[in-house]
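coords19.txt, holding compact mmCIF, C-alpha atoms and all ligand atoms:
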# COMPACT_ATOMS: atom_id res chain seq x y z
CA MET M 1 -69.31 193.03 209.56
CA SER M 2 -66.41 195.42 209.97
CA PRO M 3 -63.98 195.37 207.04
CA CYS M 4 -61.07 195.68 209.44
CA ALA M 5 -61.61 193.38 212.42
CA PRO M 6 -58.31 193.02 214.29
CA ILE M 7 -56.47 189.75 214.69
CA THR M 8 -57.40 188.31 218.06
CA ARG M 9 -55.79 184.92 218.00
CA VAL M 10 -52.64 183.25 216.70
CA ASP M 11 -52.34 179.47 216.69
CA VAL M 12 -49.04 177.82 215.90
CA LEU M 13 -49.95 174.25 215.05
CA PRO M 14 -47.28 171.57 214.77
CA PHE M 15 -48.11 168.51 212.65
CA VAL M 16 -45.55 165.75 212.99
CA GLU M 17 -45.84 162.22 211.57
CA GLU M 18 -44.24 159.47 213.61
CA VAL M 19 -41.84 158.38 210.90
CA ASP M 20 -38.08 158.65 210.82
CA ARG M 21 -36.94 160.35 207.65
CA SER M 22 -33.70 161.68 209.07
CA ALA M 23 -31.63 159.88 206.42
CA ASP M 24 -33.62 161.25 203.49
CA LEU M 25 -34.73 164.58 202.13
CA ASP M 26 -38.52 164.42 202.03
CA GLY M 27 -39.64 166.71 204.83
CA SER M 28 -43.33 166.01 204.36
CA ASN M 29 -43.46 164.17 207.70
CA ALA M 30 -43.75 167.47 209.56
CA THR M 31 -45.04 170.96 209.07
CA VAL M 32 -46.09 173.92 211.12
CA VAL M 33 -49.28 175.80 210.34
CA VAL M 34 -49.94 179.33 211.50
CA ARG M 35 -53.64 180.04 211.89
CA LEU M 36 -54.83 183.61 212.40
CA THR M 37 -58.33 184.46 213.59
CA ASP M 38 -59.87 187.92 213.52
CA ALA M 39 -62.44 189.43 215.87
CA ASP M 40 -65.28 188.20 213.66
CA GLY M 41 -64.01 184.64 213.70
CA ILE M 42 -62.64 184.61 210.15
CA VAL M 43 -59.52 182.48 209.91
CA GLY M 44 -56.52 182.32 207.59
CA ILE M 45 -53.89 179.61 207.39
CA GLY M 46 -50.29 179.50 206.24
CA GLU M 47 -47.38 177.12 206.66
CA CYS M 48 -43.64 177.32 206.50
CA ASP M 49 -40.99 174.83 205.48
CA ALA M 50 -39.00 174.84 208.71
CA PRO M 51 -38.76 172.75 211.90
CA PRO M 52 -42.09 173.14 213.82
CA GLU M 53 -40.46 173.38 217.25
CA ALA M 54 -38.08 176.11 216.16
CA ILE M 55 -40.85 178.14 214.55
CA ALA M 56 -43.09 177.75 217.60
CA ALA M 57 -40.29 179.06 219.79
CA LEU M 58 -40.02 182.20 217.66
CA PHE M 59 -43.71 182.91 218.24
CA ALA M 60 -43.64 182.05 221.92
CA MET M 61 -40.44 183.81 222.95
CA GLY M 62 -40.55 187.01 224.91
CA ASP M 63 -39.13 190.26 223.64
CA MET M 64 -35.35 190.37 223.88
CA HIS M 65 -35.18 193.90 222.50
CA ALA M 66 -36.81 195.93 219.72
CA TRP M 67 -35.11 193.93 216.95
CA ALA M 68 -35.55 190.54 218.59
CA ARG M 69 -39.19 190.21 219.54
CA GLY M 70 -41.57 187.33 220.02
CA LEU M 71 -43.80 187.07 216.96
CA GLN M 72 -47.10 186.62 218.72
CA GLY M 73 -46.97 190.01 220.37
CA LEU M 74 -46.36 191.65 217.02
CA ILE M 75 -49.50 190.26 215.41
CA VAL M 76 -52.33 190.22 217.95
CA GLY M 77 -54.51 193.34 217.79
CA GLU M 78 -53.26 194.32 214.32
CA ASP M 79 -55.40 194.96 211.23
CA PRO M 80 -54.99 191.99 208.85
CA PHE M 81 -55.57 194.25 205.84
CA GLU M 82 -52.25 195.98 206.55
CA ILE M 83 -50.33 193.08 205.09
CA GLY M 84 -47.35 195.07 203.86
CA ALA M 85 -47.04 197.00 207.09
CA LEU M 86 -47.24 193.79 209.11
CA TRP M 87 -44.56 192.22 206.92
CA GLN M 88 -42.27 195.12 207.75
CA ARG M 89 -43.16 194.98 211.46
CA LEU M 90 -42.34 191.28 211.67
CA TYR M 91 -39.17 191.62 209.61
CA GLN M 92 -37.89 194.47 211.80
CA GLY M 93 -39.00 192.68 214.96
CA THR M 94 -36.98 189.56 214.09
CA PHE M 95 -34.14 191.24 212.24
CA TRP M 96 -31.54 190.52 214.88
CA HIS M 97 -31.95 186.74 214.88
CA GLY M 98 -34.04 185.91 211.83
CA ARG M 99 -32.99 188.03 208.85
CA ARG M 100 -32.27 185.27 206.32
CA GLY M 101 -33.46 182.19 208.11
CA LEU M 102 -36.10 181.09 210.56
CA GLY M 103 -37.42 184.58 211.22
CA VAL M 104 -38.30 184.99 207.55
CA HIS M 105 -39.67 181.44 207.38
CA ALA M 106 -42.03 182.19 210.27
CA LEU M 107 -42.96 185.52 208.72
CA SER M 108 -43.75 183.64 205.48
CA ALA M 109 -46.39 181.53 207.22
CA VAL M 110 -47.96 184.65 208.74
CA ASP M 111 -48.01 186.43 205.39
CA ILE M 112 -49.68 183.47 203.66
CA ALA M 113 -52.24 183.28 206.48
CA LEU M 114 -52.95 187.03 206.24
CA HIS M 115 -53.64 186.73 202.52
CA ASP M 116 -55.93 183.76 203.15
CA LEU M 117 -57.82 185.61 205.90
CA VAL M 118 -58.28 188.86 203.99
CA ALA M 119 -59.29 187.10 200.78
CA ARG M 120 -61.84 185.05 202.73
CA ARG M 121 -63.30 188.21 204.23
CA LEU M 122 -63.60 189.72 200.76
CA GLY M 123 -64.94 186.45 199.35
CA VAL M 124 -62.33 186.25 196.60
CA PRO M 125 -59.49 183.83 195.76
CA VAL M 126 -56.07 184.96 196.98
CA TYR M 127 -54.77 185.61 193.48
CA LYS M 128 -57.29 188.44 193.13
CA LEU M 129 -55.73 190.11 196.16
CA LEU M 130 -52.43 189.87 194.31
CA GLY M 131 -53.78 191.90 191.42
CA GLY M 132 -55.69 189.24 189.54
CA ALA M 133 -54.91 186.55 186.99
CA ARG M 134 -52.21 187.20 184.42
CA VAL M 135 -52.65 183.72 183.00
CA ALA M 136 -55.75 181.65 182.30
CA ALA M 137 -54.37 178.25 183.25
CA LEU M 138 -51.67 177.31 185.73
CA LYS M 139 -48.80 174.95 185.01
CA PRO M 140 -47.54 172.78 187.87
CA TYR M 141 -44.50 170.60 187.43
CA ALA M 142 -43.98 167.23 189.09
CA THR M 143 -40.74 166.49 190.91
CA ILE M 144 -39.58 162.90 190.62
CA PHE M 145 -37.56 161.90 193.67
CA PRO M 146 -37.45 158.26 194.76
CA GLY M 147 -35.30 159.15 197.75
CA LEU M 148 -31.57 159.06 198.35
CA PRO M 149 -29.98 155.77 197.22
CA GLY M 150 -28.92 154.56 200.66
CA GLU M 151 -28.18 150.85 200.18
CA ARG M 152 -29.90 150.71 196.79
CA SER M 153 -28.04 150.67 193.48
CA ALA M 154 -28.32 153.63 191.14
CA ALA M 155 -30.05 151.36 188.62
CA ALA M 156 -32.70 150.39 191.15
CA VAL M 157 -33.34 154.02 192.06
CA PHE M 158 -33.54 155.07 188.44
CA ALA M 159 -36.04 152.29 187.72
CA GLU M 160 -38.26 153.91 190.35
CA THR M 161 -37.70 157.27 188.68
CA GLU M 162 -38.84 155.87 185.34
CA ALA M 163 -42.01 154.43 186.87
CA ALA M 164 -42.76 157.71 188.65
CA ILE M 165 -42.34 159.69 185.43
CA GLU M 166 -45.03 157.49 183.87
CA ARG M 167 -47.30 158.11 186.87
CA ALA M 168 -46.76 161.87 186.64
CA LEU M 169 -47.74 161.87 182.98
CA ALA M 170 -50.81 159.77 183.78
CA LEU M 171 -51.80 162.33 186.44
CA GLY M 172 -51.86 165.01 183.76
CA PHE M 173 -48.48 166.67 184.28
CA ARG M 174 -46.67 167.84 181.17
CA ALA M 175 -43.63 169.21 183.00
CA VAL M 176 -41.45 166.93 185.07
CA LYS M 177 -38.31 167.51 187.10
CA VAL M 178 -35.99 164.55 187.49
CA GLU M 179 -33.95 164.55 190.70
CA LEU M 180 -30.43 163.20 190.21
CA LEU M 181 -29.31 162.95 193.82
CA TYR M 182 -27.11 159.89 193.55
CA GLY M 183 -23.92 161.03 195.23
CA GLU M 184 -21.22 158.41 194.85
CA ALA M 185 -23.72 155.79 193.68
CA ALA M 186 -23.62 157.14 190.12
CA SER M 187 -20.83 158.65 188.01
CA ASP M 188 -21.27 161.73 185.86
CA ARG M 189 -21.32 159.41 182.84
CA ASP M 190 -24.16 157.44 184.49
CA LEU M 191 -26.12 160.66 184.91
CA VAL M 192 -25.76 161.46 181.23
CA ALA M 193 -27.31 158.08 180.35
CA MET M 194 -30.13 158.57 182.86
CA ILE M 195 -30.99 162.00 181.46
CA HIS M 196 -31.23 160.62 177.94
CA ASP M 197 -33.40 157.76 179.22
CA ALA M 198 -35.68 160.20 181.06
CA ARG M 199 -36.15 162.23 177.90
CA ALA M 200 -37.02 159.06 175.98
CA ILE M 201 -39.76 158.23 178.51
CA LEU M 202 -41.13 161.76 178.52
CA GLY M 203 -41.27 161.99 174.76
CA PRO M 204 -40.37 165.12 172.80
CA ASP M 205 -43.20 167.37 174.00
CA ALA M 206 -43.07 167.28 177.78
CA THR M 207 -40.88 169.79 179.60
CA MET M 208 -37.93 168.16 181.38
CA MET M 209 -36.14 169.86 184.24
CA LEU M 210 -33.17 168.43 186.15
CA ASP M 211 -32.15 168.85 189.78
CA PHE M 212 -28.59 167.90 190.68
CA GLY M 213 -28.97 168.51 194.42
CA TYR M 214 -25.71 170.46 194.89
CA ARG M 215 -23.66 167.66 193.30
CA TRP M 216 -20.49 169.43 192.19
CA THR M 217 -17.84 171.65 193.70
CA ASP M 218 -16.28 172.43 190.30
CA TRP M 219 -18.51 174.18 187.77
CA GLN M 220 -16.55 172.56 184.93
CA ASP M 221 -17.75 169.09 185.99
CA ALA M 222 -21.33 170.35 185.82
CA LEU M 223 -20.67 171.87 182.40
CA TRP M 224 -19.30 168.55 181.11
CA VAL M 225 -22.59 166.80 181.90
CA LEU M 226 -24.80 169.60 180.59
CA LYS M 227 -22.98 169.66 177.26
CA LYS M 228 -23.35 165.89 176.93
CA VAL M 229 -27.14 166.21 177.31
CA GLU M 230 -27.63 169.25 175.12
CA ASP M 231 -29.68 167.12 172.73
CA ALA M 232 -32.09 166.11 175.54
CA ASP M 233 -33.85 169.51 175.57
CA VAL M 234 -33.31 170.34 179.25
CA TYR M 235 -35.48 173.24 180.43
CA PHE M 236 -33.32 174.05 183.45
CA ALA M 237 -30.53 172.58 185.55
CA GLU M 238 -31.13 173.16 189.23
CA ALA M 239 -28.63 173.20 192.08
CA PRO M 240 -25.54 171.99 190.20
CA LEU M 241 -23.23 173.66 192.77
CA GLY M 242 -23.29 174.56 196.44
CA HIS M 243 -25.92 177.12 197.45
CA ASP M 244 -23.32 179.72 198.37
CA ASP M 245 -21.04 179.21 195.36
CA LEU M 246 -22.34 182.19 193.42
CA ALA M 247 -19.08 182.67 191.51
CA GLY M 248 -19.28 179.06 190.32
CA HIS M 249 -22.90 179.54 189.26
CA ALA M 250 -21.91 182.65 187.28
CA ALA M 251 -19.11 180.82 185.46
CA LEU M 252 -21.39 177.89 184.67
CA ALA M 253 -24.37 180.03 183.64
CA ALA M 254 -22.21 181.94 181.17
CA ARG M 255 -21.24 178.73 179.36
CA ALA M 256 -24.02 176.18 179.87
CA PRO M 257 -26.33 175.21 176.99
CA THR M 258 -29.38 175.39 179.30
CA ARG M 259 -30.83 177.61 182.03
CA ILE M 260 -29.00 177.37 185.34
CA CYS M 261 -31.15 177.87 188.41
CA GLY M 262 -31.23 177.66 192.17
CA ALA M 263 -32.01 179.72 195.29
CA GLU M 264 -34.58 177.27 196.69
CA ALA M 265 -33.20 178.04 200.16
CA ALA M 266 -33.05 181.80 199.70
CA ALA M 267 -34.87 184.16 202.05
CA THR M 268 -36.02 187.63 200.97
CA ARG M 269 -35.45 189.61 197.80
CA PHE M 270 -32.05 190.61 199.07
CA GLU M 271 -30.67 187.09 198.94
CA VAL M 272 -32.41 186.33 195.64
CA ARG M 273 -30.88 189.50 194.15
CA GLU M 274 -27.43 188.06 194.85
CA TRP M 275 -28.33 184.97 192.83
CA ILE M 276 -29.38 187.12 189.90
CA VAL M 277 -26.63 189.74 189.99
CA GLU M 278 -23.67 187.69 191.22
CA GLY M 279 -24.79 184.19 190.29
CA GLY M 280 -26.02 185.08 186.81
CA VAL M 281 -28.80 182.45 186.90
CA SER M 282 -31.74 182.46 184.46
CA VAL M 283 -34.29 181.06 186.91
CA VAL M 284 -34.66 181.56 190.66
CA GLN M 285 -36.62 179.17 192.86
CA PRO M 286 -37.44 180.81 196.18
CA ASP M 287 -40.20 179.17 198.20
CA LEU M 288 -43.32 181.07 199.31
CA SER M 289 -43.09 179.46 202.73
CA ARG M 290 -39.42 180.34 203.24
CA ALA M 291 -38.61 183.49 201.28
CA GLY M 292 -41.19 185.79 202.86
CA GLY M 293 -44.68 184.79 201.76
CA PHE M 294 -46.76 186.33 198.96
CA THR M 295 -45.65 189.85 199.82
CA GLU M 296 -41.96 189.15 199.32
CA MET M 297 -42.42 186.74 196.44
CA ARG M 298 -44.25 189.37 194.42
CA ARG M 299 -41.34 191.73 194.97
CA ILE M 300 -39.00 188.95 193.88
CA ALA M 301 -41.01 188.21 190.74
CA GLU M 302 -41.05 191.89 189.84
CA MET M 303 -37.30 192.13 190.41
CA CYS M 304 -36.86 189.09 188.16
CA GLU M 305 -38.76 190.86 185.39
CA LEU M 306 -36.26 193.69 185.46
CA HIS M 307 -33.45 191.18 184.93
CA GLY M 308 -35.08 188.88 182.36
CA VAL M 309 -35.14 186.06 184.90
CA GLN M 310 -37.89 183.53 185.56
CA CYS M 311 -39.26 182.80 189.00
CA VAL M 312 -40.24 179.14 189.45
CA PRO M 313 -41.09 178.61 193.13
CA HIS M 314 -39.81 175.68 195.12
CA GLY M 315 -42.58 173.84 196.99
CA TRP M 316 -42.00 170.77 199.10
CA ARG M 317 -44.47 170.66 201.93
CA THR M 318 -48.24 170.10 202.10
CA GLY M 319 -51.33 171.16 200.21
CA ILE M 320 -51.19 174.62 201.78
CA LEU M 321 -47.94 175.59 200.10
CA ALA M 322 -48.95 173.80 196.91
CA MET M 323 -52.14 175.86 196.64
CA ALA M 324 -50.38 179.07 197.66
CA SER M 325 -47.87 178.52 194.85
CA LEU M 326 -50.67 178.18 192.29
CA HIS M 327 -52.29 181.44 193.43
CA PHE M 328 -48.89 183.13 193.17
CA GLN M 329 -48.37 181.82 189.65
CA ALA M 330 -51.79 183.10 188.62
CA ALA M 331 -50.80 186.63 189.58
CA CYS M 332 -47.33 186.79 188.03
CA PRO M 333 -46.42 186.93 184.34
CA ASN M 334 -42.91 185.50 184.68
CA VAL M 335 -43.75 182.35 186.66
CA PRO M 336 -44.03 179.72 183.90
CA PHE M 337 -44.20 176.76 186.30
CA VAL M 338 -44.55 176.00 190.00
CA GLU M 339 -43.28 172.93 191.80
CA TYR M 340 -46.30 170.88 192.84
CA LEU M 341 -45.97 167.74 194.95
CA HIS M 342 -48.93 165.56 194.18
CA PRO M 343 -49.96 163.20 197.01
CA THR M 344 -50.25 160.36 194.49
CA LEU M 345 -46.56 160.70 193.68
CA TYR M 346 -45.49 161.13 197.30
CA ASP M 347 -47.52 159.19 199.78
CA SER M 348 -47.44 161.32 202.89
CA LYS M 349 -50.21 161.45 205.46
CA LEU M 350 -49.89 165.20 205.80
CA ARG M 351 -49.92 165.70 202.06
CA ARG M 352 -53.00 163.52 201.73
CA GLU M 353 -54.94 164.60 204.77
CA LEU M 354 -53.84 167.94 206.21
CA VAL M 355 -56.14 170.05 204.06
CA GLU M 356 -59.22 169.60 201.95
CA PRO M 357 -59.21 169.50 199.05
CA ALA M 358 -55.89 167.65 199.10
CA THR M 359 -55.06 168.29 195.49
CA VAL M 360 -56.18 169.84 192.24
CA THR M 361 -57.18 168.41 188.87
CA ILE M 362 -54.49 168.58 186.20
CA GLU M 363 -55.49 168.23 182.56
CA GLY M 364 -53.05 168.51 179.70
CA GLY M 365 -50.45 169.90 182.12
CA ARG M 366 -52.73 172.68 183.32
CA VAL M 367 -54.85 173.58 186.34
CA LYS M 368 -57.86 175.87 186.16
CA LEU M 369 -57.81 179.09 188.17
CA PRO M 370 -59.09 178.51 191.72
CA THR M 371 -62.49 179.98 192.50
CA ALA M 372 -63.02 179.44 196.25
CA PRO M 373 -62.38 182.34 198.68
CA GLY M 374 -58.90 182.64 200.17
CA LEU M 375 -56.61 179.73 199.44
CA GLY M 376 -59.73 177.61 199.18
CA LEU M 377 -58.58 175.12 201.81
CA THR M 378 -59.85 173.73 205.10
CA LEU M 379 -57.61 172.24 207.78
CA ALA M 380 -58.73 168.64 208.14
CA LEU M 381 -56.36 167.25 210.79
CA GLU M 382 -55.91 168.00 214.46
CA PRO M 383 -52.40 169.13 215.36
CA THR M 384 -50.14 166.36 216.62
CA SER M 385 -49.62 167.69 220.09
CA GLY M 386 -53.23 168.32 220.98
CA GLU M 387 -52.13 171.65 222.36
CA THR M 388 -51.24 174.83 220.61
CA LEU M 389 -49.64 178.10 221.39
CA THR M 390 -52.38 180.67 221.36
CA SER M 391 -52.82 184.24 222.26
CA ALA M 392 -56.34 185.51 222.87
CA GLY M 393 -55.26 189.10 222.59
CA ASN M 394 -56.62 190.01 226.00
CA GLY M 395 -53.26 190.28 227.67
CA THR M 396 -53.76 187.18 229.79
CA ASP M 397 -51.73 184.81 227.66
CA THR M 398 -48.28 186.31 227.73
CA SER M 399 -45.58 185.07 225.46
CA SER M 400 -43.59 183.79 228.40
CA ASN M 401 -46.58 181.69 229.51
CA ALA M 402 -46.86 180.32 226.02
CA HIS M 403 -43.17 179.55 226.06
CA ASP M 404 -43.54 177.65 229.32
CA ARG M 405 -46.39 175.63 227.88
CA TRP M 406 -44.33 174.72 224.83
CA ALA M 407 -41.48 173.59 227.05
CA THR M 408 -43.91 171.47 229.08
CA LEU M 409 -45.36 170.02 225.92
CA ARG M 410 -41.93 168.96 224.76
CA GLU M 411 -41.23 167.24 228.04
CA ASP M 412 -44.57 165.42 227.88
CA ASN M 413 -43.79 164.17 224.41
CA ARG M 414 -40.43 162.64 225.33
MG MG S 501 -34.67 171.37 194.65
If you convert what's in this file into structure tokens, what do you get?
Amino acid sequence: MSPCAPITRVDVLPFVEEVDRSADLDGSNATVVVRLTDADGIVGIGECDAPPEAIAALFAMGDMHAWARGLQGLIVGEDPFEIGALWQRLYQGTFWHGRRGLGVHALSAVDIALHDLVARRLGVPVYKLLGGARVAALKPYATIFPGLPGERSAAAVFAETEAAIERALALGFRAVKVELLYGEAASDRDLVAMIHDARAILGPDATMMLDFGYRWTDWQDALWVLKKVEDADVYFAEAPLGHDDLAGHAALAARAPTRICGAEAAATRFEVREWIVEGGVSVVQPDLSRAGGFTEMRRIAEMCELHGVQCVPHGWRTGILAMASLHFQAACPNVPFVEYLHPTLYDSKLRRELVEPATVTIEGGRVKLPTAPGLGLTLALEPTSGETLTSAGNGTDTSSNAHDRWATLREDNR
């Protein structure tokens, strides 16, 4: 078997559950998987946290010019071992339209799939490709989010939060992030009471993180709450202010009694650097499936080390991203936790069934290092549409043909 069989096929697989979640924030009803196959039939999979149709269009589109190219044509025929070079090729090829958004999200899925494919060929877990394990046991944290209040009272929502915290502890988690996305349904004073209640349920030993979901426009309001809960041992306070309010983050971070963090929506090391240098945060939370895949996240983690900042990846998709995040944590010394959405806490068909195994065993807050080759996952569902965008690499399936087929598919699905 050649060590460098070229990539011969790219599948962009949309998975969409027929459920309307447009009024909430749990995007686990849809994902898009990129599956790469090499000339020997070895496959690698990756996903990205972005709208499947939009990502598919970026693969299928024709070349507009050298900086705005269709992704499929950039990948087929290439050597999957040249992961860094391919990252650069895709970044340059989508620079005009994708620099800090969908282009980098799509590239993230490709990069994850390349790592999976190459690690499978070598017969090693992905974290070994990343330099090997820096830690012996991995530490996932559970996010507790019973949905936006909608018509429910804040008390009703928080009762669900309390029950979910108990379930997370029973599942083996020892780090829990409480989402406080109440909007007008709860006052700042209400939040203070909830945070103290959450700590009481968790007990003194579990790690408690908080996510405020971009609640405030004035950093001083955020500071008022954080000072009132100083005795609740808060590990970090996520997204207190708008994503682009870096000056506000810097003012808050300089005065808050806990770590301020954010950047879950950031793409590439360049955007994350702004959060560190201008925003002054102690923790950044870029997502492997949005910020640029393993390749870029390693650069980000290394940049964080230079600044004394932690990298705690965001992860809100399916078992593919969840497993990728664990491999990433294994390879990086300054990744103390990764967000891990357990299917028992969030009942989503895709989270339960998209890949096997669907989840990992957590004991005492820790997960053992993975041992299976690649990400260690198998796709277990057929894509929703029953048709995929593919390129056989023989020149017969042009990107414009693929684009036509996607357009037809959309019409058929209406
Ligand atoms: Mg978040």
Point-to-point distance from atom CA of M:Ala256 to atom CA of M:Gly242, Å rounded to tenths
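Pair atom CA of M:Ala256 / atom CA of M:Gly242 returns 16.7 Å.
The point (-45.1, 193.4, 213.8) has these residues within 10 Å of it, counting only C-alpha atoms: Arg69, Gly70, Leu71, Gln72, Gly73, Leu74, Ile75, Val76, Glu78, Ala85, Leu86, Trp87, Gln88, Arg89, Leu90, Tyr91, Gln92, Gly93, Thr94 and Leu107 of chain M.
The list of residues within 6 Å of (-44.2, 171.9, 202.8), counted using only C-alpha atoms, is Asp49, Trp316, Arg317, Thr318 and Leu321 of chain M.
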Please determine, counting only C-alpha atoms and all ligand atoms, which residue among M:Phe15, M:Tyr127, M:Phe270, M:Tyr340 has the shortest atom-to-atom distance to ligand MG 501 (chain S).
M:Tyr340
Looking at M:Met61, M:Ala301, M:Leu341, M:Leu326, which one is nearest to ligand MG 501 (chain S), with distances taken over all atoms listed in the file?
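Using all atoms listed in the file, ligand MG 501 (chain S) sits closest to M:Leu341.
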Atom CA of M:Tyr214 to atom CA of M:Arg189, distance in Å rounded to a single decimal:
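Atom CA of M:Tyr214 sits 16.9 Å away from atom CA of M:Arg189.
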Show me, as a PyMOL selection string, the residues that have an atom within 7 Å of M:Gly280 when counting only C-alpha atoms, minus same-chain residues fewer than 4 positions from it.
chain M and resi 249-250+253+275-276
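As for atom MG of ligand MG 501 (chain S) and atom CA of M:Val312, they are spaced 10.9 Å apart.
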What are the closest atom pairs, with distances in Å to one decimal, for each residue of chain M lying within 7 Å of ligand MG 501 (chain S), using all atoms listed in the file, rows by chain and rising residue number, as a Markdown table?
| residue | atom | partner | partner_atom | distance |
| --- | --- | --- | --- | --- |
| M:Asp211 | CA | S:MG501 | MG | 6.0 |
| M:Gly213 | CA | S:MG501 | MG | 6.4 |
| M:Glu238 | CA | S:MG501 | MG | 6.7 |
| M:Ala239 | CA | S:MG501 | MG | 6.8 |
| M:Glu264 | CA | S:MG501 | MG | 6.2 |
| M:His314 | CA | S:MG501 | MG | 6.7 |
Writing out the chosen residues with C-alpha atoms as a tab-separated table (two decimals), keeping the file's coordinate frame:
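selection27.tsv, written as the output of this step:
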chain	number	residue	atom	x	y	z
M	211	ASP	CA	-32.15	168.85	189.78
M	213	GLY	CA	-28.97	168.51	194.42
M	238	GLU	CA	-31.13	173.16	189.23
M	239	ALA	CA	-28.63	173.20	192.08
M	264	GLU	CA	-34.58	177.27	196.69
M	314	HIS	CA	-39.81	175.68	195.12
Please report as a Markdown table every residue of stretch 329-389 of chain M lying within 9 Å of stretch 162-185 of chain M, along with the nearest atom pair and their distance in Å (one decimal), using only C-alpha atoms.
| residue | atom | partner | partner_atom | distance |
| --- | --- | --- | --- | --- |
| M:Phe337 | CA | M:Ala175 | CA | 8.3 |
| M:Glu339 | CA | M:Lys177 | CA | 8.7 |
| M:His342 | CA | M:Ala168 | CA | 8.7 |
| M:Thr344 | CA | M:Leu171 | CA | 8.4 |
| M:Leu345 | CA | M:Ala164 | CA | 7.0 |
| M:Thr361 | CA | M:Gly172 | CA | 8.1 |
| M:Ile362 | CA | M:Gly172 | CA | 5.1 |
| M:Glu363 | CA | M:Gly172 | CA | 5.0 |
| M:Gly364 | CA | M:Gly172 | CA | 5.5 |
| M:Gly365 | CA | M:Phe173 | CA | 4.4 |
| M:Arg366 | CA | M:Phe173 | CA | 7.4 |
Applying 12 Å and only C-alpha atoms, which residues near M:Val338 remain after dropping the ones on its own chain fewer than 5 positions away? List them as an mmCIF file with C-alpha atoms, keeping the file's coordinate frame.
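That gives us selection_31.cif:
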data_model
loop_
_atom_site.group_PDB
_atom_site.id
_atom_site.type_symbol
_atom_site.label_atom_id
_atom_site.label_comp_id
_atom_site.auth_asym_id
_atom_site.auth_seq_id
_atom_site.Cartn_x
_atom_site.Cartn_y
_atom_site.Cartn_z
ATOM 1 C CA LEU M 138 -51.670 177.310 185.730
ATOM 2 C CA LYS M 139 -48.800 174.950 185.010
ATOM 3 C CA PRO M 140 -47.540 172.780 187.870
ATOM 4 C CA TYR M 141 -44.500 170.600 187.430
ATOM 5 C CA ALA M 142 -43.980 167.230 189.090
ATOM 6 C CA THR M 143 -40.740 166.490 190.910
ATOM 7 C CA PHE M 173 -48.480 166.670 184.280
ATOM 8 C CA ALA M 175 -43.630 169.210 183.000
ATOM 9 C CA VAL M 176 -41.450 166.930 185.070
ATOM 10 C CA LYS M 177 -38.310 167.510 187.100
ATOM 11 C CA MET M 209 -36.140 169.860 184.240
ATOM 12 C CA VAL M 283 -34.290 181.060 186.910
ATOM 13 C CA VAL M 284 -34.660 181.560 190.660
ATOM 14 C CA GLN M 285 -36.620 179.170 192.860
ATOM 15 C CA PRO M 286 -37.440 180.810 196.180
ATOM 16 C CA ASP M 287 -40.200 179.170 198.200
ATOM 17 C CA LEU M 288 -43.320 181.070 199.310
ATOM 18 C CA GLN M 310 -37.890 183.530 185.560
ATOM 19 C CA CYS M 311 -39.260 182.800 189.000
ATOM 20 C CA VAL M 312 -40.240 179.140 189.450
ATOM 21 C CA PRO M 313 -41.090 178.610 193.130
ATOM 22 C CA HIS M 314 -39.810 175.680 195.120
ATOM 23 C CA GLY M 315 -42.580 173.840 196.990
ATOM 24 C CA TRP M 316 -42.000 170.770 199.100
ATOM 25 C CA LEU M 321 -47.940 175.590 200.100
ATOM 26 C CA ALA M 322 -48.950 173.800 196.910
ATOM 27 C CA MET M 323 -52.140 175.860 196.640
ATOM 28 C CA ALA M 324 -50.380 179.070 197.660
ATOM 29 C CA SER M 325 -47.870 178.520 194.850
ATOM 30 C CA LEU M 326 -50.670 178.180 192.290
ATOM 31 C CA HIS M 327 -52.290 181.440 193.430
ATOM 32 C CA PHE M 328 -48.890 183.130 193.170
ATOM 33 C CA GLN M 329 -48.370 181.820 189.650
ATOM 34 C CA ALA M 330 -51.790 183.100 188.620
ATOM 35 C CA CYS M 332 -47.330 186.790 188.030
ATOM 36 C CA GLY M 365 -50.450 169.900 182.120
ATOM 37 C CA ARG M 366 -52.730 172.680 183.320
ATOM 38 C CA VAL M 367 -54.850 173.580 186.340
#
Using all atoms listed in the file, which residue out of M:Arg269, M:Arg351, M:Lys227, M:His307 lies closest to M:Val104?
M:Arg269
Looking at M:Gly77, M:Pro125, M:Gly62, M:Gly308, which one is nearest to M:Leu377, with distances taken over all atoms listed in the file?
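Ranked by minimum distance to M:Leu377, first place goes to M:Pro125.
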Spatial neighbours of M:Gly44, 9 Å, only C-alpha atoms, chain gap at least 6 places, as number ranges by chain:
M: 34-38, 110, 112-120, 374-375
